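Colleague: Encoded as structure tokens, here's the structure I'll be asking about.
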Amino acid sequence: QVQLVESGGGLVQPGGSLRLSCAVSGSGFRFATMGWYRRNPGKERELVAEITSGGSTNYANSVKDRFTISRDNAKNTVYLQMNSLKPEDTAVYYCRFQSFVYLYWGQGTQVTVSS
């Protein structure tokens with residue numbers, strides 16, 4: 001059984017920064033592709049960034065050059081560093097664990113960008 005626990009969300013002013021963390025319990029983290037997704041009310045959940053077991057990354061065009069995804073296999077944790085935040089980044093952010101066999105989601109953490 002794999003469990004994901006996100007943290008680091010909150011309220012920040014436009015132009016500010018936040019770092020989200022997703023701690024994963026259970027086995028298989030080092031082999032999993034980890035991703036961050038977000039969803040606004042009335043919208044589909046969308047990919048923000050993902051990182052493979054080999055460290056390759058992929059970003060949504062809307063966050064390129066502002067967000068950075070990273071992972072620490074020793075800590076079973078994936079991070080999302082978010083800089084130059086904009087009001088349109090406001091959403092619930094979800095962590096996703098995807099291995100060859102399993103797919104798990106975290107419970108989500110709210111990020112609000114507002115002055």
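Here's how to read the names in the structure tokens: chain A, B, ... by the order shown, residue numbers from 1 in each chain, ligand numbers from 1 in the order shown.
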Can you tell me which residues surround Leu4 of chain A at a distance of at most 6 Å, considering only C-alpha atoms, apart from same-chain residues fewer than 3 positions away, and format the answer as a list in words?
Modeller: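 Listed by chain and then number, they are Ala23, Val24 and Gly106 of chain A.
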Colleague: Go ahead and dump the residues you just picked, N, CA and C atoms, as a short mmCIF file (atom, residue, chain, number, x, y, z; two decimals), in the first residue's frame.
Modeller:
```
data_model
loop_
_atom_site.label_atom_id
_atom_site.label_comp_id
_atom_site.auth_asym_id
_atom_site.auth_seq_id
_atom_site.Cartn_x
_atom_site.Cartn_y
_atom_site.Cartn_z
N ALA A 23 5.40 13.44 0.45
CA ALA A 23 6.10 12.32 1.08
C ALA A 23 5.35 11.03 0.78
N VAL A 24 6.10 10.04 0.33
CA VAL A 24 5.50 8.77 -0.10
C VAL A 24 5.90 7.65 0.85
N GLY A 106 -2.44 11.76 -4.01
CA GLY A 106 -2.51 12.36 -2.70
C GLY A 106 -3.84 13.06 -2.51
#
```
Colleague: With a distance cut-off of 10 Å and only C-alpha atoms, select the neighbouring residues of Gln3 of chain A, excluding the residue or stretch itself and same-chain residues fewer than 2 positions from it, and output the selection as a PyMOL selection string.
Modeller: chain A and resi 1+5+22-27+97+104-107
Colleague: Restrict the selected residues to N, CA and C atoms and save them as an mmCIF file, in the first residue's frame.
Modeller:
```
data_model
loop_
_atom_site.group_PDB
_atom_site.id
_atom_site.type_symbol
_atom_site.label_atom_id
_atom_site.label_comp_id
_atom_site.auth_asym_id
_atom_site.auth_seq_id
_atom_site.Cartn_x
_atom_site.Cartn_y
_atom_site.Cartn_z
ATOM 1 N N GLN A 1 0.846 -1.187 0.000
ATOM 2 C CA GLN A 1 0.000 0.000 0.000
ATOM 3 C C GLN A 1 0.886 1.244 0.000
ATOM 4 N N VAL A 5 1.376 12.071 0.966
ATOM 5 C CA VAL A 5 0.947 13.174 1.818
ATOM 6 C C VAL A 5 1.614 14.449 1.326
ATOM 7 N N CYS A 22 5.771 16.196 -1.304
ATOM 8 C CA CYS A 22 4.905 15.016 -1.306
ATOM 9 C C CYS A 22 5.732 13.859 -0.758
ATOM 10 N N ALA A 23 5.404 13.441 0.445
ATOM 11 C CA ALA A 23 6.100 12.322 1.084
ATOM 12 C C ALA A 23 5.347 11.033 0.781
ATOM 13 N N VAL A 24 6.098 10.039 0.335
ATOM 14 C CA VAL A 24 5.497 8.774 -0.098
ATOM 15 C C VAL A 24 5.905 7.651 0.853
ATOM 16 N N SER A 25 4.931 6.947 1.391
ATOM 17 C CA SER A 25 5.214 5.777 2.210
ATOM 18 C C SER A 25 4.892 4.531 1.399
ATOM 19 N N GLY A 26 5.590 3.445 1.711
ATOM 20 C CA GLY A 26 5.428 2.239 0.922
ATOM 21 C C GLY A 26 6.613 2.059 -0.001
ATOM 22 N N SER A 27 6.589 1.000 -0.754
ATOM 23 C CA SER A 27 7.739 0.665 -1.582
ATOM 24 C C SER A 27 7.534 1.129 -3.027
ATOM 25 N N PHE A 97 1.592 9.250 -7.966
ATOM 26 C CA PHE A 97 2.590 8.179 -8.015
ATOM 27 C C PHE A 97 2.144 7.195 -9.090
ATOM 28 N N TYR A 104 -1.455 6.053 -7.745
ATOM 29 C CA TYR A 104 -1.987 6.596 -6.497
ATOM 30 C C TYR A 104 -1.979 8.120 -6.558
ATOM 31 N N TRP A 105 -2.945 8.708 -5.824
ATOM 32 C CA TRP A 105 -3.032 10.165 -5.708
ATOM 33 C C TRP A 105 -2.977 10.579 -4.242
ATOM 34 N N GLY A 106 -2.435 11.761 -4.014
ATOM 35 C CA GLY A 106 -2.509 12.362 -2.705
ATOM 36 C C GLY A 106 -3.839 13.058 -2.510
ATOM 37 N N GLN A 107 -4.016 13.626 -1.322
ATOM 38 C CA GLN A 107 -5.302 14.239 -0.981
ATOM 39 C C GLN A 107 -5.410 15.678 -1.483
#
```
Colleague: For Tyr93 of chain A, which residue out of A:Phe67, A:Ser7, A:Tyr37, A:Ser62 is the nearest one, using only C-alpha atoms?
Modeller: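 Under the stated criterion, the closest residue is A:Tyr37.
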Colleague: Where in segment 60-98 of chain A does DSSP assign strand (DSSP E), given as a ChimeraX atom specification?
Modeller: /A:67-72,77-82,91-98
Colleague: Could you tell me which of A:Val92, A:Val78, A:Val111, A:Leu85 comes closest to Ala49 of chain A if we count only C-alpha atoms?
Modeller: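 So, comparing all the options, the nearest one is A:Val78.
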Colleague: Compile the contact shell of Arg45 of chain A as a list in words: residues with an atom at most 12 Å away, counting only C-alpha atoms, same-chain residues fewer than 4 positions apart removed.
Modeller: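 Within the cut-off, the hits are Trp36, Tyr37, Arg38, Arg39, Asn40, Pro41, Ala91, Val92, Tyr93, Tyr94, Cys95, Arg96, Trp105 and Gly108 of chain A.
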Colleague: If we count only C-alpha atoms, what is near Asp72 of chain A at a cut-off of 10 Å, once residues fewer than 3 positions away on the same chain are taken out, given as a ChimeraX atom specification?
Modeller: /A:23,29-30,75-79
Colleague: Give me the residues near Ile51 of chain A as a ChimeraX atom specification, where near means some atom within 7 Å (using only C-alpha atoms) and where sequence neighbours in that chain fewer than 3 positions away do not count.
Modeller: /A:33-35,55-58,69
Colleague: Would you pick out the contacts of Thr90 of chain A at 7 Å or less, using only C-alpha atoms, so that residues sharing its chain but fewer than 2 positions from it are not included, and give the list as a compact mmCIF listing (two decimals) with N, CA, C and O atoms, in the first residue's frame?
Modeller:
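For reference, out-v3.txt as written:
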```txt
# COMPACT_ATOMS: atom_id res chain seq x y z
N PRO A 87 -1.89 34.74 -10.02
CA PRO A 87 -3.24 34.38 -9.54
C PRO A 87 -3.81 33.15 -10.25
O PRO A 87 -4.52 32.35 -9.63
N GLU A 88 -3.46 32.98 -11.51
CA GLU A 88 -3.99 31.83 -12.25
C GLU A 88 -3.36 30.51 -11.82
O GLU A 88 -3.80 29.44 -12.27
N VAL A 111 -3.31 25.89 -2.96
CA VAL A 111 -2.42 27.02 -3.21
C VAL A 111 -3.28 28.19 -3.68
O VAL A 111 -4.03 28.05 -4.65
N THR A 112 -3.17 29.30 -2.98
CA THR A 112 -3.93 30.50 -3.34
C THR A 112 -2.96 31.65 -3.54
O THR A 112 -2.17 31.96 -2.65
N VAL A 113 -3.02 32.23 -4.73
CA VAL A 113 -2.16 33.36 -5.06
C VAL A 113 -3.04 34.60 -5.18
O VAL A 113 -3.85 34.73 -6.10
```
Colleague: Which residue out of A:Val48, A:Gln110, A:Ser53, A:Leu18 has the minimum interatomic distance to Asn73 of chain A when only C-alpha atoms are used?
Modeller: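 Closest to Asn73 of chain A of all the choices is A:Ser53.
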Colleague: Between atom CA of Ser70 of chain A and atom CA of Ala32 of chain A, what is the distance in Å, rounded to a tenth?
Modeller: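 Rounded to one decimal, the two atoms are 13.0 Å apart.
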Colleague: Find the distance between atom CA of Glu50 of chain A and atom CA of Ser84 of chain A and write it in Å to one decimal.
Modeller: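 Calculated distance between atom CA of Glu50 of chain A and atom CA of Ser84 of chain A is 19.2 Å.
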Colleague: Apply DSSP to the backbone of this structure and, from chain A, keep only the residues in helix (DSSP H, G or I); write these as number ranges by chain.
Modeller: A: 29-31, 87-89
